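> Structure file work.txt, compact mmCIF, C-alpha atoms, is pasted below:
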# COMPACT_ATOMS: atom_id res chain seq x y z
CA MET F 1 76.33 -17.36 3.09
CA GLY F 2 79.69 -15.57 3.20
CA PRO F 3 81.15 -13.52 6.06
CA LEU F 4 79.37 -10.36 7.03
CA ARG F 5 80.75 -7.12 5.68
CA PRO F 6 82.98 -5.25 8.18
CA LEU F 7 81.68 -2.08 9.81
CA ARG F 8 83.96 0.96 9.53
CA LEU F 9 83.65 4.12 11.61
CA CYS F 10 85.79 7.19 10.93
CA ILE F 11 86.54 9.83 13.56
CA VAL F 12 87.42 13.03 11.71
CA ASP F 13 89.62 14.98 14.12
CA MET F 14 89.20 18.72 13.46
CA ASN F 15 91.36 19.82 16.40
CA ASN F 16 94.22 20.93 14.12
CA GLY F 17 96.82 19.02 16.11
CA HIS F 18 95.61 20.26 19.52
CA VAL F 19 95.04 17.64 22.22
CA ASN F 20 91.73 17.86 24.09
CA GLN F 21 89.19 15.76 25.97
CA ALA F 22 86.74 15.45 23.08
CA MET F 23 88.77 12.87 21.18
CA ARG F 24 88.97 10.65 24.26
CA CYS F 25 85.20 10.90 24.57
CA LEU F 26 84.57 10.11 20.91
CA ARG F 27 86.89 7.10 21.03
CA GLY F 28 85.05 5.85 24.09
CA LEU F 29 81.66 6.28 22.44
CA ALA F 30 82.90 4.44 19.35
CA ALA F 31 84.21 1.55 21.48
CA ALA F 32 80.94 1.27 23.40
CA PHE F 33 79.02 1.27 20.10
CA PHE F 34 81.20 -1.53 18.72
CA GLU F 35 80.50 -3.58 21.84
CA ARG F 36 76.77 -3.17 21.24
CA VAL F 37 77.18 -4.13 17.57
CA GLN F 38 79.17 -7.27 18.36
CA LYS F 39 76.87 -8.28 21.20
CA HIS F 40 74.08 -8.63 18.63
CA ASN F 41 76.34 -9.46 15.64
CA PRO F 42 79.24 -11.61 16.86
CA GLY F 43 80.50 -12.19 13.32
CA VAL F 44 80.86 -8.52 12.37
CA SER F 45 84.36 -7.10 12.35
CA CYS F 46 84.53 -3.47 13.51
CA GLU F 47 87.19 -0.95 12.59
CA VAL F 48 87.70 2.63 13.70
CA VAL F 49 89.77 4.96 11.52
CA GLU F 50 91.09 8.33 12.68
CA VAL F 51 92.17 11.12 10.38
CA SER F 52 93.27 14.68 11.24
CA PRO F 53 92.86 16.65 8.01
CA ARG F 54 93.40 20.23 9.20
CA ASP F 55 97.01 19.77 10.29
CA THR F 56 98.03 17.00 7.90
CA ASN F 57 95.87 17.45 4.76
CA ALA F 58 95.40 13.68 4.97
CA PRO F 59 92.46 12.59 2.81
CA ILE F 60 89.35 11.42 4.62
CA PRO F 61 88.61 7.81 3.67
CA THR F 62 85.48 7.40 1.58
CA ASP F 63 84.98 3.71 2.37
CA CYS F 64 83.74 4.12 5.93
CA ASP F 65 80.11 3.69 6.92
CA LEU F 66 79.77 6.20 9.75
CA TYR F 67 81.63 9.46 10.39
CA LEU F 68 81.94 11.37 13.65
CA SER F 69 83.36 14.79 12.78
CA SER F 70 84.68 16.67 15.79
CA GLY F 71 84.81 20.20 17.05
CA GLY F 72 88.01 22.18 17.05
CA PRO F 73 89.59 25.56 17.60
CA GLY F 74 89.80 28.53 15.27
CA SER F 75 87.78 30.05 12.50
CA PRO F 76 85.72 27.85 10.18
CA PHE F 77 87.16 29.97 7.35
CA ASP F 78 90.84 29.33 8.21
CA GLY F 79 91.24 26.57 5.66
CA GLU F 80 89.26 28.16 2.84
CA GLY F 81 90.51 26.73 -0.47
CA GLU F 82 93.01 24.34 1.14
CA PRO F 83 93.05 20.69 0.04
CA TRP F 84 91.46 19.46 3.25
CA THR F 85 88.43 21.76 2.95
CA LEU F 86 87.83 20.66 -0.62
CA ASP F 87 88.15 17.05 0.48
CA TYR F 88 85.68 17.62 3.33
CA ALA F 89 83.18 19.18 0.94
CA ARG F 90 83.44 16.14 -1.34
CA LEU F 91 82.91 13.88 1.65
CA LEU F 92 79.72 15.71 2.64
CA ASP F 93 78.28 15.59 -0.85
CA GLY F 94 79.21 11.92 -1.17
CA VAL F 95 77.54 11.03 2.11
CA VAL F 96 74.33 12.78 1.08
CA GLU F 97 74.32 11.06 -2.30
CA SER F 98 74.84 7.66 -0.69
CA ALA F 99 72.03 8.28 1.80
CA ILE F 100 69.64 9.22 -0.99
CA GLN F 101 70.52 6.02 -2.86
CA GLY F 102 70.23 3.92 0.30
CA GLY F 103 71.10 0.25 0.51
CA ALA F 104 74.23 -1.45 1.83
CA ASP F 105 76.53 1.42 0.84
CA ARG F 106 74.57 4.12 2.67
CA ARG F 107 76.85 6.38 4.73
CA ALA F 108 76.10 8.89 7.49
CA LEU F 109 77.95 11.77 9.14
CA PHE F 110 77.47 13.52 12.47
CA ALA F 111 79.10 16.96 12.74
CA ILE F 112 79.99 18.66 16.04
CA CYS F 113 80.67 22.37 16.70
CA TYR F 114 83.54 23.33 14.34
CA SER F 115 82.37 20.65 11.90
CA PHE F 116 78.82 21.99 12.26
CA GLU F 117 80.12 25.40 11.14
CA LEU F 118 81.88 23.82 8.15
CA VAL F 119 78.71 21.99 7.13
CA VAL F 120 76.52 25.10 7.45
CA HIS F 121 79.03 27.15 5.44
CA HIS F 122 79.41 24.47 2.74
CA TYR F 123 75.67 24.28 2.10
CA ARG F 124 75.22 28.06 2.63
CA LEU F 125 72.45 27.42 5.13
CA ALA F 126 73.08 30.44 7.35
CA ASP F 127 75.57 33.19 8.16
CA VAL F 128 78.50 31.80 10.16
CA VAL F 129 79.80 34.78 12.13
CA PRO F 130 82.02 35.54 15.16
CA ARG F 131 80.23 35.93 18.48
CA ALA F 132 80.59 39.15 20.41
CA ASP F 133 82.02 37.04 23.25
CA ARG F 134 82.87 33.39 23.79
CA LYS F 135 80.06 31.07 24.88
CA PHE F 136 81.26 28.31 27.13
CA GLY F 137 80.05 25.99 29.89
CA VAL F 138 77.08 23.67 30.37
CA MET F 139 74.13 25.39 28.72
CA PRO F 140 70.47 24.69 27.90
CA ILE F 141 69.70 23.76 24.29
CA TYR F 142 66.12 24.40 23.15
CA THR F 143 64.51 22.00 20.70
CA THR F 144 62.09 23.17 18.04
CA SER F 145 58.71 21.49 17.59
CA VAL F 146 60.30 19.54 14.72
CA GLY F 147 63.30 18.66 16.88
CA GLN F 148 61.02 17.25 19.56
CA GLN F 149 59.75 14.73 17.00
CA HIS F 150 63.11 14.00 15.36
CA PRO F 151 64.85 10.82 16.62
CA LEU F 152 68.08 12.69 17.41
CA LEU F 153 66.49 14.87 20.11
CA SER F 154 63.03 13.39 20.73
CA PRO F 155 63.99 11.93 24.16
CA PHE F 156 64.55 15.42 25.58
CA GLY F 157 61.27 17.26 25.20
CA ASP F 158 61.73 21.02 24.79
CA ARG F 159 65.19 21.29 26.39
CA LEU F 160 68.43 19.43 26.94
CA PHE F 161 71.73 20.40 28.52
CA ALA F 162 75.10 20.23 26.78
CA PHE F 163 78.62 21.61 26.98
CA GLU F 164 79.29 24.55 24.68
CA HIS F 165 82.62 26.16 23.84
CA ARG F 166 82.54 28.40 20.81
CA ASN F 167 83.51 31.77 19.43
CA TRP F 168 81.35 31.44 16.29
CA GLU F 169 77.68 30.95 15.59
CA ALA F 170 75.29 30.28 12.74
CA VAL F 171 72.47 32.81 12.44
CA ASN F 172 69.89 33.89 9.86
CA LEU F 173 68.90 30.42 8.74
CA ASP F 174 67.87 30.10 5.10
CA GLU F 175 64.87 27.87 5.72
CA ARG F 176 64.05 27.56 2.04
CA ARG F 177 67.55 26.32 1.21
CA LEU F 178 67.52 23.92 4.16
CA GLY F 179 64.15 22.56 3.11
CA GLY F 180 65.42 22.11 -0.44
CA LEU F 181 68.13 19.79 0.90
CA GLY F 182 65.55 17.81 2.83
CA GLY F 183 66.74 19.32 6.10
CA GLN F 184 65.05 20.59 9.27
CA LEU F 185 65.87 22.94 12.16
CA LEU F 186 66.09 20.84 15.33
CA ALA F 187 67.48 23.11 18.06
CA ARG F 188 68.47 26.68 18.81
CA GLU F 189 69.91 28.91 21.51
CA SER F 190 66.56 30.35 22.63
CA ARG F 191 63.05 28.99 22.77
CA ASP F 192 61.85 32.01 20.82
CA GLY F 193 64.96 32.19 18.66
CA ILE F 194 65.96 35.59 20.03
CA SER F 195 65.92 36.25 23.80
CA LYS F 196 68.95 34.16 24.85
CA GLY F 197 70.70 34.37 21.50
CA ARG F 198 69.92 33.75 17.84
CA ALA F 199 72.25 30.83 17.19
CA ILE F 200 71.17 27.68 15.36
CA LEU F 201 72.27 24.70 17.43
CA GLY F 202 70.96 21.56 15.73
CA LEU F 203 70.12 20.56 12.17
CA GLN F 204 69.06 17.64 10.08
CA VAL F 205 71.08 19.06 7.20
CA ALA F 206 70.22 16.60 4.45
CA PRO F 207 69.78 12.84 4.13
CA GLY F 208 72.72 11.26 5.92
CA VAL F 209 74.04 14.42 7.59
CA GLU F 210 73.06 15.65 11.06
CA ALA F 211 74.92 18.41 12.88
CA VAL F 212 74.96 20.19 16.24
CA GLN F 213 76.81 23.30 17.42
CA PHE F 214 77.15 21.93 20.98
CA HIS F 215 79.22 19.02 22.35
CA PRO F 216 77.07 15.94 23.04
CA GLU F 217 80.27 13.89 23.46
CA ALA F 218 81.31 15.84 26.57
CA ASP F 219 81.43 13.74 29.74
CA ARG F 220 81.84 14.74 33.37
CA ALA F 221 85.57 14.02 33.40
CA GLY F 222 86.12 16.19 30.35
CA VAL F 223 84.16 19.15 31.70
CA MET F 224 85.84 18.88 35.10
CA SER F 225 89.25 18.79 33.41
CA TRP F 226 88.32 22.04 31.65
CA LEU F 227 87.02 23.60 34.87
CA SER F 228 90.13 22.55 36.79
CA ARG F 229 92.11 25.17 34.93
CA PRO F 230 91.93 28.30 37.09
CA GLU F 231 91.73 30.64 34.12
CA GLN F 232 88.67 28.84 32.73
CA ALA F 233 86.86 28.80 36.08
CA ALA F 234 87.67 32.48 36.60
CA ALA F 235 86.49 33.36 33.08
CA PHE F 236 83.20 31.52 33.59
CA LYS F 237 82.55 33.27 36.91
CA ALA F 238 83.41 36.64 35.38
CA THR F 239 81.00 36.06 32.50
CA TYR F 240 78.10 34.25 34.17
CA GLY F 241 78.56 34.79 37.89
CA GLU F 242 79.43 32.69 40.95
CA VAL F 243 75.86 31.40 41.42
CA THR F 244 75.68 30.09 37.85
CA TYR F 245 79.13 28.51 38.22
CA HIS F 246 78.00 26.43 41.21
CA ALA F 247 74.72 25.59 39.47
CA MET F 248 76.76 24.22 36.56
CA LEU F 249 78.76 22.03 38.95
CA ARG F 250 75.49 20.61 40.30
CA THR F 251 74.31 19.99 36.74
CA LEU F 252 77.28 17.67 36.18
CA ASP F 253 75.95 15.36 38.91
CA ASP F 254 72.33 15.47 37.72
CA PRO F 255 71.59 12.29 35.72
CA ARG F 256 68.77 14.12 33.90
CA ARG F 257 71.05 16.72 32.35
CA LEU F 258 74.52 16.42 30.80
CA ALA F 259 74.69 12.71 31.60
CA ARG F 260 71.54 12.11 29.58
CA THR F 261 72.85 14.07 26.60
CA PHE F 262 76.06 12.03 26.65
CA ALA F 263 74.17 8.75 26.94
CA LEU F 264 71.54 9.33 24.27
CA VAL F 265 72.56 11.71 21.48
CA ILE F 266 75.60 10.15 19.79
CA PRO F 267 74.90 6.55 20.92
CA GLY F 268 71.35 6.95 19.60
CA TRP F 269 72.59 8.33 16.29
CA LEU F 270 75.10 5.51 15.88
CA GLY F 271 72.51 2.82 16.59
CA ARG F 272 69.95 4.40 14.29
CA CYS F 273 72.40 4.70 11.40
CA PHE F 274 73.58 1.14 11.94
CA ASN F 275 70.00 -0.10 11.71
CA GLU F 276 69.51 1.78 8.43
CA ILE F 277 72.10 -0.47 6.75
CA ALA F 278 71.48 -3.61 8.81
CA GLY F 279 68.88 -5.20 6.57
CA ALA F 280 70.86 -4.68 3.36
CA ARG F 281 73.98 -6.21 4.95
CA GLY F 282 72.42 -9.05 6.85
CA TYR F 283 73.17 -7.55 10.27
CA ALA F 284 70.86 -8.00 13.25
CA GLU F 285 69.40 -4.62 14.19
CA LEU F 286 70.31 -3.05 17.51
CA PRO F 287 67.56 -2.50 20.08
CA PRO F 288 66.83 1.09 21.14
CA ILE F 289 69.07 2.51 23.83
CA GLU F 290 67.36 2.49 27.18
CA ASP F 291 66.72 6.00 28.46
CA ALA F 292 68.44 5.36 31.77
CA PRO F 293 71.81 7.13 32.03
CA CYS F 294 74.31 5.57 34.37
CA PRO F 295 74.21 7.16 37.83
CA ARG F 296 77.95 7.74 37.89
CA PHE F 297 78.49 10.02 34.92
CA ALA F 298 81.82 9.15 33.33
CA ALA F 299 83.20 8.36 29.88
CA HIS F 300 83.29 4.62 30.56
CA CYS F 301 79.62 4.50 31.59
CA ARG F 302 77.23 3.31 28.92
CA PRO F 303 73.47 3.47 29.06
CA ASP F 304 73.14 -0.31 28.92
CA ASP F 305 76.12 -1.28 31.11
CA PRO F 306 77.12 -0.76 34.76
CA PRO F 307 80.23 1.32 35.50
CA THR F 308 83.47 -0.46 34.74
CA PRO F 309 87.14 0.44 35.18
CA SER F 310 88.15 3.33 32.95
CA ALA F 311 90.98 1.43 31.27
CA ARG F 312 89.83 0.40 27.81
CA THR F 313 90.28 -3.22 26.77
CA PRO F 314 90.06 -3.84 23.00
CA ILE F 315 86.96 -5.78 22.09
CA PRO F 316 87.18 -8.98 20.03
CA GLY F 317 87.30 -8.36 16.31
CA GLU F 318 88.02 -4.64 16.62
CA GLN F 319 90.72 -3.09 14.46
CA VAL F 320 92.13 0.40 14.83
CA ALA F 321 93.64 2.32 11.95
CA ARG F 322 95.00 5.86 11.72
CA GLY F 323 94.89 7.99 8.64
CA ALA F 324 93.19 7.14 5.38
In structure tokens, how does this file's structure come out?


Amino acid sequence: MGPLRPLRLCIVDMNNGHVNQAMRCLRGLAAAFFERVQKHNPGVSCEVVEVSPRDTNAPIPTDCDLYLSSGGPGSPFDGEGEPWTLDYARLLDGVVESAIQGGADRRALFAICYSFELVVHHYRLADVVPRADRKFGVMPIYTTSVGQQHPLLSPFGDRLFAFEHRNWEAVNLDERRLGGLGGQLLARESRDGISKGRAILGLQVAPGVEAVQFHPEADRAGVMSWLSRPEQAAAFKATYGEVTYHAMLRTLDDPRRLARTFALVIPGWLGRCFNEIAGARGYAELPPIEDAPCPRFAAHCRPDDPPTPSARTPIPGEQVARGA
């Protein structure tokens, strides 16, 4: 039997050249995932590729297995007709086609916030419109009855907490079109779909593509870095009030809230998608992630490991590439 096929993960950076905490979080989640893969598959080489299409028009590689597509600033319509948007559309369609075919070449993509808006617009699933005002801070996300059964959000019951930071929203879901793609509505802004806002927050879009409007990659350090800027803290207090501001700070230290979202959503998606190709590639499947978030909520904490120093040591067999 020959060597096992390498595993390639692509982080699609949609930040348009802006530096933020999300990319640090996504890199950390990818590294922790690779450690889990190699713990159970010592012979598998792992490679992470980063590409930043909005500011470089660099093509997104089509030979990766898993894609984490980030949030980012600006309008989801800013790049309409530009090479990178056409390339992203081809990527989405290719991922769906590969997932339908299945087997060793199956690919999967997880879209966050700005990328969620791009996905919804590409498949014309809903109206993507500007909000009357910015929504930002740690907020409740309400799962639908379908979402409570879907593996992405099933650990959370009818509500989870996540960091949101957005000026746009997807409303007026075309349920018939979503169903035609094989998709499902998983989460929204209000339990009843109206009272706290009408936004769609989580979708199984089609085979191979899942997307959320919130930021499941956000860790305590990232949110605190955002809150440490006086203008952001002042804006939150002005919008939501002093009491809600301090409640949000308490939420950051509650292992049942943001910590749990960080520990379970993206790590769970990565493990599940890995297991979908494991049999066809001769990999050993990964066990389910234990639903026990680390008590000290930080980017270096993983649900199956104790806290370790925040400096990242490359893991054996890992390769890092930038660009296509």

> Report, in Å to a single decimal, how far apart CA of Cys113 (chain F) and CA of Arg159 (chain F) are.

18.3 Å

> Return the single residue from F:Gly279, F:Pro255, F:Gly183, F:Gly102 that is closest to Gly147 (chain F), with distances computed using only C-alpha atoms.

F:Gly183

> When you look at region 9-12 of chain F with a cut-off of 9 Å (counting all atoms listed in the file), what residues show up, excluding the ones that are within fewer than 3 positions of it in the same chain? I need them as a list in words.

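In the requested form, the answer reads Met23, Leu26, Arg27, Ala30, Cys46, Glu47, Val48, Val49, Glu50, Val51, Ser52, Pro53, Ile60, Pro61, Cys64, Asp65, Leu66, Tyr67, Leu68, Ser69 and Ser70 of chain F.
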
> How big is the axis-aligned box around the listed atoms of region 204-217 of chain F once 8 Å is added on each side, and where is its centre? Give both in Å to one decimal, as lines of an AutoDock Vina configuration file.


center_x = 74.7
center_y = 17.3
center_z = 13.8
size_x = 27.2
size_y = 28.0
size_z = 35.3

> In the coordinates of the file, take the point (89.3, 28.6, 12.0) and a cut-off of 12 Å; then, counting all atoms listed in the file, name each qualifying protein, DNA or RNA residue as a VMD selection string.

chain F and resid 14 to 16 54 to 55 71 to 80 85 113 to 115 117 to 118 128 to 130 166 to 168

> Would you work out the distance separating CA of Phe161 (chain F) from CA of Thr144 (chain F), expressed in Å to one decimal?

14.5 Å

> Need to verify the contact set: region 89-98 of chain F, 8 Å, all atoms listed in the file, exclusion of same-chain residues closer than 2 positions in sequence. Can you return it as a list in words?

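The residues that qualify are Ile60, Thr62, Thr85, Leu86, Asp87, Ile100, Gln101, Gly102, Asp105, Arg106, Arg107, Ala108, Leu109, Val119, His122, Ala206, Pro207, Gly208 and Val209 of chain F.
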
> Just to confirm, what's the straight-line distance from CA of Gly282 (chain F) to CA of Ala31 (chain F) in Å (one decimal)?

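Rounded to one decimal, the two atoms are 21.6 Å apart.
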
> Skipping near chain neighbours, those fewer than 5 positions away, what residues fall within 8 Å of region 241-249 of chain F using only C-alpha atoms, listed as a PyMOL selection string?

chain F and resi 137-138+236

> Output C-alpha atoms for every residue in the selection just made, as a CSV table (one decimal), keeping the file's coordinate frame.


chain,number,residue,atom,x,y,z
F,137,GLY,CA,80.0,26.0,29.9
F,138,VAL,CA,77.1,23.7,30.4
F,236,PHE,CA,83.2,31.5,33.6

> When you count all atoms listed in the file, which of these residues is closest to Val265 (chain F): F:Leu286, F:Ala22, F:Leu153, F:Ala111?

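Closest residue, counting all atoms listed in the file: F:Leu153.
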
> Using all atoms listed in the file, which of the listed residues (F:Asp219, F:Arg256, F:Gly268, F:Glu231) sits closest to Gly157 (chain F)?

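With all atoms listed in the file as the atom set, the closest residue is F:Arg256.
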
> Select, from F:Leu258, F:Leu264, F:Ala170, F:Leu7, the residue with the minimum atom-to-atom distance to Ser154 (chain F), counting all atoms listed in the file.

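Checking each candidate against Ser154 (chain F), we get F:Leu264 as the closest.
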
> Excluding Arg198 (chain F) and its own-chain neighbours fewer than 3 positions away, which residues fall within 12 Å of it when counting all atoms listed in the file? Please give them as a list in words.

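Residues near the query, excluding close chain neighbours: Ala126, Asp127, Val128, Val129, Arg131, Ile141, Tyr142, Trp168, Glu169, Ala170, Val171, Asn172, Leu173, Ala187, Arg188, Glu189, Ser190, Arg191, Asp192, Gly193, Ile194, Ser195 and Leu201 of chain F.
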
> Determine, counting only C-alpha atoms, which protein, DNA and RNA residues have an atom within 7 Å of an atom of Leu186 (chain F); residues of the same chain fewer than 2 positions away are not included. Present the result as a PyMOL selection string.

chain F and resi 143-144+146-147+184+202-204

> Using all atoms listed in the file, which of the listed residues (F:Phe33, F:Val223, F:Pro230, F:Arg5) sits closest to Asn20 (chain F)?

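Using all atoms listed in the file, the shortest distance to Asn20 (chain F) belongs to F:Val223.
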
> Ranking F:Arg281, F:Arg260, F:Lys135, F:Lys196 by minimum distance to Tyr240 (chain F) and counting only C-alpha atoms, which one comes first?

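Nearest candidate to Tyr240 (chain F) out of F:Arg281, F:Arg260, F:Lys135, F:Lys196: F:Lys135.
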